[in-house]
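J.: Dropping in data.txt, which is compact mmCIF, C-alpha atoms:
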# COMPACT_ATOMS: atom_id res chain seq x y z
CA MET A 283 6.54 -19.56 -95.19
CA LYS A 284 8.08 -23.02 -95.13
CA HIS A 285 6.39 -25.95 -96.88
CA ARG A 286 4.92 -28.13 -94.14
CA ILE A 287 5.35 -31.88 -94.60
CA VAL A 288 3.59 -34.07 -92.04
CA VAL A 289 4.34 -37.80 -91.87
CA LEU A 290 1.76 -39.92 -90.03
CA GLY A 291 3.37 -43.00 -88.51
CA ALA A 292 7.01 -43.86 -87.81
CA GLY A 293 7.10 -47.51 -88.75
CA TYR A 294 9.30 -48.86 -91.54
CA ALA A 295 7.56 -46.71 -94.17
CA GLY A 296 7.14 -43.48 -92.20
CA ALA A 297 10.52 -43.41 -90.44
CA PHE A 298 12.48 -44.16 -93.61
CA ALA A 299 10.47 -41.56 -95.53
CA ALA A 300 11.01 -38.83 -92.93
CA GLY A 301 14.75 -39.47 -92.88
CA ASN A 302 14.96 -39.44 -96.68
CA LEU A 303 13.00 -36.19 -96.93
CA ALA A 304 15.28 -34.59 -94.34
CA ARG A 305 18.34 -35.73 -96.27
CA ARG A 306 17.21 -34.34 -99.61
CA LEU A 307 15.22 -31.19 -98.92
CA SER A 308 16.61 -27.92 -97.67
CA PRO A 309 15.50 -27.00 -94.14
CA ALA A 310 15.39 -23.39 -95.33
CA ASP A 311 12.23 -24.23 -97.29
CA THR A 312 10.65 -27.23 -95.55
CA GLU A 313 9.40 -28.19 -92.11
CA ILE A 314 9.04 -31.94 -91.52
CA THR A 315 6.93 -33.29 -88.64
CA VAL A 316 6.47 -36.95 -87.75
CA VAL A 317 3.47 -38.03 -85.69
CA ASN A 318 3.72 -41.36 -83.87
CA ALA A 319 1.78 -42.86 -80.98
CA VAL A 320 4.76 -44.46 -79.19
CA PRO A 321 8.25 -43.06 -78.49
CA ASP A 322 10.15 -46.00 -79.97
CA PHE A 323 10.80 -47.22 -83.48
CA VAL A 324 9.05 -50.58 -83.31
CA GLU A 325 10.70 -53.22 -85.48
CA ARG A 326 7.54 -55.04 -86.44
CA MET A 327 9.47 -57.87 -88.08
CA ARG A 328 10.88 -58.73 -84.63
CA LEU A 329 7.69 -58.57 -82.57
CA HIS A 330 7.24 -62.35 -82.56
CA GLN A 331 10.72 -62.54 -81.00
CA LEU A 332 9.72 -59.99 -78.37
CA ALA A 333 6.57 -61.98 -77.58
CA ALA A 334 8.63 -65.17 -77.31
CA GLY A 335 10.57 -63.62 -74.42
CA GLN A 336 13.73 -62.52 -76.17
CA ASP A 337 15.45 -59.34 -74.96
CA LEU A 338 15.21 -56.70 -77.65
CA THR A 339 16.07 -53.02 -77.48
CA PHE A 340 14.16 -50.67 -79.76
CA ARG A 341 15.50 -47.24 -80.60
CA LYS A 342 13.97 -44.03 -79.27
CA LEU A 343 12.55 -41.93 -82.09
CA ALA A 344 13.83 -38.79 -80.36
CA ASP A 345 17.37 -40.18 -80.72
CA VAL A 346 16.73 -41.32 -84.30
CA PHE A 347 15.67 -37.87 -85.48
CA ALA A 348 18.06 -35.86 -83.28
CA GLY A 349 20.04 -33.44 -85.41
CA THR A 350 18.00 -34.07 -88.55
CA GLY A 351 15.64 -31.14 -88.25
CA VAL A 352 12.68 -33.53 -88.16
CA ARG A 353 10.12 -32.62 -85.50
CA LEU A 354 8.62 -35.50 -83.52
CA ARG A 355 5.09 -35.28 -82.13
CA LEU A 356 4.19 -38.17 -79.83
CA ALA A 357 0.45 -38.44 -80.28
CA ARG A 358 -2.31 -40.57 -81.73
CA VAL A 359 -3.95 -39.43 -84.95
CA THR A 360 -7.70 -39.00 -84.45
CA GLY A 361 -8.71 -37.33 -87.68
CA VAL A 362 -7.62 -35.99 -91.05
CA ASP A 363 -9.35 -33.13 -92.84
CA PRO A 364 -8.11 -33.12 -96.46
CA ARG A 365 -10.23 -30.07 -97.30
CA ARG A 366 -8.65 -27.90 -94.59
CA ARG A 367 -5.35 -29.82 -94.82
CA THR A 368 -5.17 -30.49 -91.11
CA VAL A 369 -4.55 -33.49 -88.85
CA ALA A 370 -6.17 -33.87 -85.42
CA VAL A 371 -4.06 -35.54 -82.74
CA THR A 372 -4.25 -36.40 -79.07
CA GLY A 373 -1.39 -37.22 -76.71
CA GLU A 374 0.23 -36.42 -73.41
CA ALA A 375 0.32 -32.76 -74.45
CA GLY A 376 -3.43 -32.87 -74.97
CA ASP A 377 -5.48 -32.49 -78.12
CA GLY A 378 -4.11 -30.52 -81.02
CA GLU A 379 -4.17 -29.87 -84.71
CA LEU A 380 -1.37 -29.87 -87.28
CA ALA A 381 -1.61 -28.09 -90.61
CA TYR A 382 0.14 -29.52 -93.65
CA ASP A 383 0.94 -28.67 -97.24
CA THR A 384 1.98 -32.25 -98.06
CA LEU A 385 0.80 -35.25 -96.05
CA LEU A 386 2.42 -38.70 -96.08
CA TYR A 387 -0.03 -41.19 -94.59
CA ALA A 388 1.88 -44.21 -93.23
CA LEU A 389 -0.15 -45.43 -90.26
CA GLY A 390 0.28 -49.08 -91.14
CA SER A 391 -2.13 -51.83 -90.14
CA SER A 392 -3.34 -53.87 -87.19
CA VAL A 393 -4.70 -57.38 -86.74
CA ALA A 394 -7.76 -58.36 -88.78
CA ASP A 395 -10.29 -60.42 -86.84
CA HIS A 396 -12.49 -60.97 -89.95
CA GLY A 397 -15.53 -60.74 -87.69
CA VAL A 398 -14.71 -64.03 -85.96
CA PRO A 399 -16.38 -64.12 -82.53
CA GLY A 400 -14.02 -64.07 -79.56
CA VAL A 401 -10.88 -62.86 -81.36
CA ALA A 402 -10.99 -59.38 -79.85
CA GLU A 403 -11.79 -60.71 -76.37
CA TYR A 404 -9.61 -63.80 -76.07
CA ALA A 405 -6.92 -63.91 -78.78
CA TYR A 406 -3.46 -62.35 -78.74
CA ASP A 407 -1.48 -60.96 -81.67
CA VAL A 408 1.98 -59.67 -82.64
CA THR A 409 1.04 -56.75 -84.89
CA GLY A 410 1.95 -54.01 -82.42
CA TRP A 411 4.27 -53.16 -79.53
CA SER A 412 1.64 -53.27 -76.79
CA SER A 413 -0.04 -56.43 -78.09
CA ALA A 414 3.31 -58.25 -78.35
CA LEU A 415 4.18 -57.26 -74.77
CA ARG A 416 0.75 -58.45 -73.61
CA LEU A 417 1.38 -61.83 -75.24
CA ARG A 418 4.91 -61.97 -73.80
CA GLU A 419 3.53 -61.50 -70.30
CA ARG A 420 0.89 -64.18 -70.82
CA LEU A 421 3.44 -66.69 -72.11
CA SER A 422 5.79 -66.01 -69.20
CA ASP A 423 2.96 -67.01 -66.86
CA LEU A 424 2.18 -70.17 -68.84
CA ALA A 425 3.56 -73.27 -67.17
CA GLY A 426 5.31 -76.05 -69.03
CA GLY A 427 2.95 -78.40 -70.81
CA GLY A 428 0.62 -75.59 -71.83
CA THR A 429 -0.72 -75.28 -75.37
CA VAL A 430 -0.28 -72.30 -77.69
CA LEU A 431 -2.52 -72.26 -80.75
CA VAL A 432 -1.39 -70.07 -83.66
CA VAL A 433 -4.19 -69.34 -86.14
CA GLY A 434 -2.99 -68.50 -89.66
CA GLU A 435 -0.52 -70.09 -92.06
CA GLY A 436 0.92 -66.92 -93.59
CA LEU A 437 4.41 -65.57 -92.99
CA THR A 438 3.52 -64.13 -89.57
CA GLY A 439 1.90 -67.37 -88.44
CA ILE A 440 4.85 -69.51 -89.53
CA GLU A 441 7.43 -67.21 -87.93
CA THR A 442 5.43 -66.93 -84.72
CA ALA A 443 4.87 -70.67 -84.35
CA THR A 444 8.51 -71.59 -85.00
CA GLU A 445 9.83 -68.84 -82.73
CA PHE A 446 7.62 -69.97 -79.84
CA ALA A 447 8.45 -73.62 -80.35
CA GLU A 448 12.19 -72.91 -80.35
CA SER A 449 12.13 -70.45 -77.42
CA ARG A 450 9.69 -72.48 -75.30
CA PRO A 451 10.26 -76.19 -76.00
CA ASP A 452 8.29 -76.93 -72.81
CA LEU A 453 5.10 -75.78 -74.54
CA SER A 454 2.95 -77.55 -77.10
CA VAL A 455 2.70 -75.32 -80.19
CA VAL A 456 -0.13 -75.94 -82.64
CA LEU A 457 -0.83 -74.13 -85.93
CA ALA A 458 -4.26 -74.03 -87.57
CA ALA A 459 -3.97 -73.52 -91.33
CA ARG A 460 -6.98 -72.67 -93.46
CA GLY A 461 -5.26 -74.35 -96.42
CA GLU A 462 -2.08 -76.36 -96.93
CA LEU A 463 1.00 -75.31 -94.97
CA GLY A 464 3.39 -73.47 -97.28
CA SER A 465 1.25 -74.09 -100.35
CA TRP A 466 2.75 -71.08 -102.15
CA LEU A 467 6.32 -72.36 -101.75
CA SER A 468 8.26 -74.46 -104.22
CA PRO A 469 8.19 -78.23 -103.50
CA LYS A 470 11.70 -78.25 -102.01
CA ALA A 471 11.06 -75.20 -99.84
CA ARG A 472 7.76 -76.70 -98.69
CA HIS A 473 9.61 -79.88 -97.73
CA HIS A 474 12.15 -77.80 -95.80
CA LEU A 475 9.33 -76.02 -93.96
CA ARG A 476 7.64 -79.27 -92.97
CA ARG A 477 10.93 -80.72 -91.72
CA ALA A 478 11.44 -77.61 -89.59
CA PHE A 479 7.96 -77.98 -88.09
CA ASP A 480 8.64 -81.65 -87.36
CA ARG A 481 12.03 -80.83 -85.80
CA LEU A 482 10.43 -78.22 -83.54
CA GLY A 483 7.51 -80.49 -82.64
CA ILE A 484 4.81 -78.20 -84.02
CA THR A 485 1.45 -79.83 -84.69
CA VAL A 486 -0.30 -78.60 -87.86
CA HIS A 487 -4.03 -78.80 -88.57
CA GLU A 488 -4.40 -78.15 -92.29
CA HIS A 489 -7.66 -77.14 -94.00
CA THR A 490 -8.87 -75.91 -90.64
CA GLY A 491 -10.61 -72.58 -90.58
CA VAL A 492 -11.36 -71.15 -87.15
CA GLU A 493 -14.85 -69.74 -86.66
CA ALA A 494 -14.76 -68.81 -82.98
CA VAL A 495 -12.26 -68.25 -80.18
CA GLU A 496 -13.06 -69.00 -76.55
CA PRO A 497 -10.98 -68.63 -73.37
CA THR A 498 -9.51 -72.16 -73.50
CA ARG A 499 -10.12 -73.29 -77.07
CA ALA A 500 -10.91 -72.40 -80.65
CA ILE A 501 -13.80 -73.84 -82.64
CA ALA A 502 -13.01 -75.03 -86.17
CA ALA A 503 -15.40 -74.65 -89.09
CA ASP A 504 -16.13 -78.38 -88.99
CA GLY A 505 -17.10 -78.18 -85.31
CA ARG A 506 -13.87 -79.58 -83.88
CA SER A 507 -12.56 -78.15 -80.63
CA LEU A 508 -8.90 -77.05 -80.63
CA PRO A 509 -7.71 -76.78 -77.01
CA ALA A 510 -5.55 -73.73 -76.30
CA ASP A 511 -4.27 -72.05 -73.16
CA VAL A 512 -3.25 -69.17 -75.43
CA THR A 513 -4.61 -68.41 -78.90
CA VAL A 514 -2.47 -66.20 -81.15
CA TRP A 515 -4.33 -64.70 -84.11
CA THR A 516 -2.16 -64.18 -87.22
CA ALA A 517 -4.86 -64.48 -89.88
CA GLY A 518 -4.25 -61.20 -91.68
CA PHE A 519 -4.00 -57.43 -91.31
CA ALA A 520 -6.55 -54.62 -91.32
CA VAL A 521 -6.27 -50.89 -91.99
CA HIS A 522 -7.81 -48.37 -89.60
CA PRO A 523 -10.97 -46.77 -91.06
CA LEU A 524 -9.57 -43.27 -90.45
CA ALA A 525 -8.68 -42.71 -94.12
CA ALA A 526 -12.15 -43.71 -95.29
CA VAL A 527 -13.85 -41.55 -92.67
CA SER A 528 -11.64 -38.63 -93.72
CA GLY A 529 -12.99 -38.70 -97.25
CA LEU A 530 -9.93 -40.07 -99.00
CA GLU A 531 -10.69 -42.52 -101.78
CA VAL A 532 -10.18 -46.05 -100.46
CA VAL A 533 -10.88 -49.62 -101.50
CA GLY A 534 -12.88 -52.14 -99.50
CA THR A 535 -9.93 -52.88 -97.23
CA GLY A 536 -9.76 -49.24 -96.20
CA GLN A 537 -6.45 -48.74 -98.01
CA ILE A 538 -5.90 -45.40 -99.76
CA VAL A 539 -6.05 -45.63 -103.55
CA VAL A 540 -2.83 -44.18 -104.98
CA ASP A 541 -1.35 -43.73 -108.43
CA ARG A 542 2.03 -45.09 -109.52
CA THR A 543 3.81 -42.37 -107.52
CA MET A 544 1.93 -43.19 -104.27
CA ARG A 545 -0.16 -40.03 -104.59
CA SER A 546 -3.80 -40.18 -103.52
CA VAL A 547 -6.03 -40.27 -106.59
CA SER A 548 -8.60 -38.11 -104.78
CA HIS A 549 -6.34 -35.62 -102.97
CA PRO A 550 -3.08 -34.69 -104.72
CA ASP A 551 -1.43 -33.23 -101.61
CA VAL A 552 -1.75 -36.59 -99.81
CA TYR A 553 0.60 -39.55 -100.35
CA ALA A 554 0.39 -43.01 -98.78
CA ALA A 555 3.02 -45.65 -98.07
CA GLY A 556 3.13 -49.03 -96.39
CA ASP A 557 0.16 -51.22 -95.53
CA CYS A 558 -2.35 -48.36 -95.77
CA ALA A 559 -1.59 -47.76 -99.48
CA TYR A 560 -3.49 -49.59 -102.20
CA ALA A 561 -0.67 -49.66 -104.73
CA ILE A 562 -0.38 -51.71 -107.91
CA GLY A 563 2.93 -53.49 -108.35
CA ASP A 564 4.90 -53.91 -111.55
CA ASN A 565 3.07 -57.20 -112.15
CA GLY A 566 -0.30 -55.44 -112.25
CA ARG A 567 -1.43 -56.80 -108.89
CA PRO A 568 -1.96 -54.97 -105.60
CA LEU A 569 1.08 -55.02 -103.35
CA PRO A 570 0.52 -57.19 -100.28
CA MET A 571 0.66 -55.73 -96.78
CA SER A 572 4.26 -56.41 -95.80
CA CYS A 573 7.48 -54.77 -94.69
CA ALA A 574 8.85 -55.18 -98.23
CA SER A 575 5.92 -53.17 -99.57
CA ALA A 576 6.65 -50.51 -96.95
CA GLY A 577 10.13 -50.17 -98.41
CA TYR A 578 9.03 -49.96 -102.04
CA THR A 579 6.17 -47.55 -101.46
CA ASN A 580 8.03 -45.18 -99.13
CA MET A 581 10.90 -44.88 -101.60
CA GLN A 582 8.49 -44.09 -104.42
CA ALA A 583 6.48 -41.65 -102.32
CA THR A 584 9.51 -39.70 -101.10
CA ALA A 585 11.04 -39.60 -104.58
CA ALA A 586 7.78 -38.19 -105.96
CA ILE A 587 7.39 -35.61 -103.18
CA ILE A 588 10.97 -34.38 -103.60
CA ALA A 589 10.72 -34.21 -107.39
CA ARG A 590 7.42 -32.34 -107.41
CA LEU A 591 8.50 -29.85 -104.76
CA THR A 592 11.83 -29.11 -106.44
CA GLY A 593 10.57 -29.03 -110.01
CA GLY A 594 12.30 -32.24 -111.07
CA GLU A 595 11.06 -35.19 -113.08
CA VAL A 596 9.29 -37.78 -110.95
CA PRO A 597 11.27 -41.06 -111.09
CA SER A 598 9.68 -44.48 -111.11
CA THR A 599 11.10 -46.82 -108.47
CA GLY A 600 10.69 -50.57 -108.75
CA LEU A 601 7.59 -52.22 -107.27
CA LYS A 602 8.64 -55.79 -107.86
CA TYR A 603 9.03 -58.60 -105.38
CA HIS A 604 12.05 -60.86 -105.60
CA GLY A 605 11.19 -63.37 -102.92
CA ASN A 606 9.78 -64.28 -99.51
CA HIS A 607 12.07 -64.51 -96.51
CA ILE A 608 10.70 -66.59 -93.62
CA SER A 609 12.41 -67.05 -90.25
CA LEU A 610 12.07 -70.48 -88.68
CA GLY A 611 13.48 -69.64 -85.29
CA ARG A 612 16.93 -68.12 -84.82
CA ARG A 613 18.96 -70.80 -86.65
CA ASP A 614 16.83 -71.66 -89.66
CA ALA A 615 15.00 -69.79 -92.40
CA ILE A 616 13.75 -70.01 -95.98
CA PHE A 617 14.36 -67.56 -98.79
CA GLN A 618 12.02 -68.36 -101.68
CA MET A 619 12.62 -66.67 -105.02
CA VAL A 620 9.55 -65.61 -107.01
CA ASP A 621 9.01 -64.70 -110.65
CA GLY A 622 7.49 -61.55 -112.14
CA ASP A 623 3.99 -62.77 -111.27
CA ALA A 624 5.02 -63.37 -107.63
CA ARG A 625 4.89 -67.15 -108.12
CA SER A 626 7.54 -69.28 -106.46
CA THR A 627 10.37 -70.47 -108.66
CA SER A 628 12.24 -73.73 -108.15
CA TRP A 629 15.14 -71.92 -106.44
CA TYR A 630 15.20 -71.42 -102.69
CA LEU A 631 17.76 -71.05 -99.95
CA GLY A 632 17.29 -72.68 -96.55
CA GLY A 633 19.02 -73.38 -93.26
CA ARG A 634 21.60 -71.34 -91.38
CA THR A 635 22.71 -69.42 -94.46
CA ALA A 636 19.16 -68.19 -95.03
CA ALA A 637 18.87 -67.38 -91.31
CA ARG A 638 22.04 -65.28 -91.44
CA LEU A 639 20.70 -63.51 -94.54
CA LYS A 640 17.42 -62.71 -92.77
CA SER A 641 19.32 -61.46 -89.73
CA GLY A 642 21.34 -59.21 -92.00
CA VAL A 643 18.16 -57.80 -93.55
CA LEU A 644 16.73 -57.01 -90.12
CA THR A 645 19.98 -55.49 -88.90
CA GLY A 646 20.30 -53.39 -92.04
CA ALA A 647 16.75 -52.09 -91.74
CA GLY A 648 17.31 -51.15 -88.11
CA TRP A 649 20.62 -49.46 -88.90
CA GLY A 650 19.04 -47.47 -91.70
CA ILE A 651 16.37 -46.16 -89.34
CA ALA A 652 18.94 -45.32 -86.66
CA HIS A 653 21.07 -43.30 -89.10
CA PRO A 654 18.61 -41.17 -91.08
CA THR A 655 21.28 -38.61 -91.97
CA PHE A 656 23.76 -41.16 -93.35
CA GLY A 657 24.85 -40.03 -96.77
CA MET A 658 23.26 -36.62 -96.28
CA PRO A 659 24.45 -34.40 -99.11
CA ARG A 660 26.35 -31.25 -98.24
CA ARG A 661 23.81 -29.25 -100.17
CA ARG A 662 20.15 -30.16 -100.15
CA ARG A 663 17.61 -29.22 -102.75
CA ARG A 664 15.61 -26.02 -102.54
CA LEU A 665 11.93 -25.88 -103.42
CA ALA A 666 10.98 -24.72 -106.88
CA ASP A 667 8.90 -21.86 -105.50
CA ALA A 668 11.36 -20.83 -102.81
CA PRO A 669 12.20 -17.11 -102.70
CA GLY A 670 14.84 -16.32 -105.32
CA ARG A 671 14.26 -19.59 -107.19
CA ALA A 672 13.01 -19.55 -110.75
CA GLY A 673 10.67 -22.46 -111.19
CA VAL A 674 13.08 -25.38 -110.73
CA GLY A 675 14.67 -27.00 -107.72
CA VAL A 676 18.38 -26.38 -107.36
CA ALA A 677 20.97 -27.45 -104.82
CA ALA A 678 21.84 -24.88 -102.23
Please lay out the structure from this file as structure tokens.

T.:
Amino acid sequence: MKHRIVVLGAGYAGAFAAGNLARRLSPADTEITVVNAVPDFVERMRLHQLAAGQDLTFRKLADVFAGTGVRLRLARVTGVDPRRRTVAVTGEAGDGELAYDTLLYALGSSVADHGVPGVAEYAYDVTGWSSALRLRERLSDLAGGGTVLVVGEGLTGIETATEFAESRPDLSVVLAARGELGSWLSPKARHHLRRAFDRLGITVHEHTGVEAVEPTRAIAADGRSLPADVTVWTAGFAVHPLAAVSGLEVVGTGQIVVDRTMRSVSHPDVYAAGDCAYAIGDNGRPLPMSCASAGYTNMQATAAIIARLTGGEVPSTGLKYHGNHISLGRRDAIFQMVDGDARSTSWYLGGRTAARLKSGVLTGAGWGIAHPTFGMPRRRRRLADAPGRAGVGVAA
């Protein structure tokens, strides 16, 4: 019987992992199934562009995995039973259950409302395909002179505010920052960021926490009213409680606790990658929820799965950040280098060169997803316990 590998989620972490597993493991011994709720590979790093009204084409997962041997199941995950090693799903084909021998949990994250009243009812976000399209439709109906309030001064908030201001100069774009705008950046990069906001005409309210969202305004912690025809909530990410409900060991955020190889500390046949993994980086700190973390953790998880199944030594891939890359519209960006403790160094790159670099990163990530069999070896590794194999994985 083939070893059944089930990958939950086909975002940056899950899609890359499935392609890598298909490249390296022999189909004679393994069966790889990817479960995803939507038929497209959603480039999350571009969703603020989609919401801003730009024409983007996302790849069909059926085309991505065609010819790879990877099975695609379009469905929503409703439950995981680690004891029985099964996954419950529901989709157009109805309810079902998938059995696994190895599970890679990569369901990502969604918007975190932090319990703020009115966020769920009145705010928009760019954390998913459907929510970005909903915001796109709302903005297309918004007449010139309208106000868009972006809540959150993190990377998503900055990229969203600048993208909207550049794409819709007829709108008034306002950003509410709980702290100081770009406080984590080096002084020169922070100056570059502020100049970009000034150039784009974005109003910034610093040290302004939002404690409620209403249909036409947000209420700040100090009682001020922030008028808004549209409020966009970018104040953090949250993990679905599915992992916690399933009995996997999680932290307070709901993220799955993993060891250095991305293996669940409570269930050794479960691995996690991306935002849903509580992984400790090389600096001893938890990796932040980000697309960069999705890359690091999926590479480590797939390397560990392949090594353990084929009897090899588990390698240790790097879990170290080198910098933050922030788009400021289509023609400007900031690349901020960081040190081993993830603190900004004095070096940064800004302007069109940084924008071209960011565009190259996005294009490269999309190309990698679209070509999962690129570099596929002529002979892929057999499992250590495959018939006729004596305890170690060998190429065949």

J.: Every residue with an atom at most 10 Å from (15.7, -71.5, -96.9) (file coordinates; only C-alpha atoms) is what I'm after, so could you write them as a VMD selection string?

T.: chain A and resid 470 to 472 474 to 475 606 to 610 614 to 619 629 to 637 639 to 640

J.: From the options A:Leu354, A:Cys558, A:Leu601, A:Val288, which residue's atoms come nearest to Val320 (chain A), counting only C-alpha atoms?

T.: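 Closest to Val320 (chain A), using only C-alpha atoms: A:Leu354.
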
J.: Nearest to Gln582 (chain A): which of A:Leu386, A:Ile440, A:Leu329, A:Ile314 is it, counting all atoms listed in the file?

T.: A:Leu386

J.: Given 4 Å on each side, where is the centre and what are the edge lengths in Å to one decimal of the axis-aligned box enclosing the listed atoms of region 497-500 of chain A, as lines of an AutoDock Vina configuration file?

T.:
center_x = -10.2
center_y = -71.0
center_z = -77.0
size_x = 9.5
size_y = 12.7
size_z = 15.3

J.: Taking into account all atoms listed in the file, which residue in the set A:Ile538, A:Ala624, A:Ala447, A:Ala300 is nearest to Gly566 (chain A)?

T.: A:Ala624

J.: Can you work out which one of A:Leu307, A:Gly611, A:Arg542, A:Glu441 has the shortest atom-to-atom distance to Leu591 (chain A), counting all atoms listed in the file?

T.: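 Once distances to Leu591 (chain A) are computed over all atoms listed in the file, the minimum belongs to A:Leu307.
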
J.: Counting all atoms listed in the file, which of A:Ala494, A:Ile587, A:Leu437, A:Ala652 gets nearest to His285 (chain A)?

T.: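 Among A:Ala494, A:Ile587, A:Leu437, A:Ala652, it is A:Ile587 that comes nearest to His285 (chain A).
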
J.: List as a PyMOL selection string the residues having at least one atom at most 12 Å from position (6.8, -36.1, -104.4) as given in the file, counting all atoms listed in the file.

T.: chain A and resi 287+299+302-303+306-307+383-386+541-546+550-554+579-598+665

J.: What gap, in Å, lies between CA of Val393 (chain A) and CA of Met571 (chain A)?

T.: 11.5 Å

J.: Find the residues around Ala304 (chain A) up to 8 Å (only C-alpha atoms counted), leave out those fewer than 6 positions away in its own chain, and share them as a list in words.

T.: Ile314, Thr350, Gly351, Val352 and Thr655 of chain A

J.: As an exercise, work out the distance from CA of Gly426 (chain A) to CA of Arg326 (chain A) in Å and give it to one decimal place.

T.: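 Here the two named atoms are 27.4 Å from each other.
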
J.: List as a PyMOL selection string the protein and nucleic acid residues near Ala334 (chain A), meaning an atom at most 7 Å away when all atoms listed in the file are counted, but skip any in the same chain fewer than 4 places from it.

T.: chain A and resi 330+418+445-446+449

J.: Just how far from CA of Gly556 (chain A) is CA of Gly293 (chain A), in Å to one decimal?

T.: 8.7 Å

J.: Find, counting all atoms listed in the file, the residue in A:Arg567, A:Arg328, A:Arg353, A:Arg499 that gets nearest to Thr645 (chain A).

T.: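 Nearest to Thr645 (chain A): A:Arg328.
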
J.: As a list in words, please: the residues near Gly505 (chain A) (cut-off 12 Å, all atoms listed in the file, same-chain neighbours under 2 positions excluded).

T.: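 Counting all atoms listed in the file, the residues come to Thr490, Gly491, Val492, Glu493, Ala494, Arg499, Ala500, Ile501, Ala502, Ala503, Ser507 and Leu508 of chain A.
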
J.: Which polymer residues have any atom within 10 Å of an atom of His549 (chain A), counting all atoms listed in the file, with same-chain residues fewer than 5 positions away left out, as a PyMOL selection string?

T.: chain A and resi 364-365+385+529-531+540
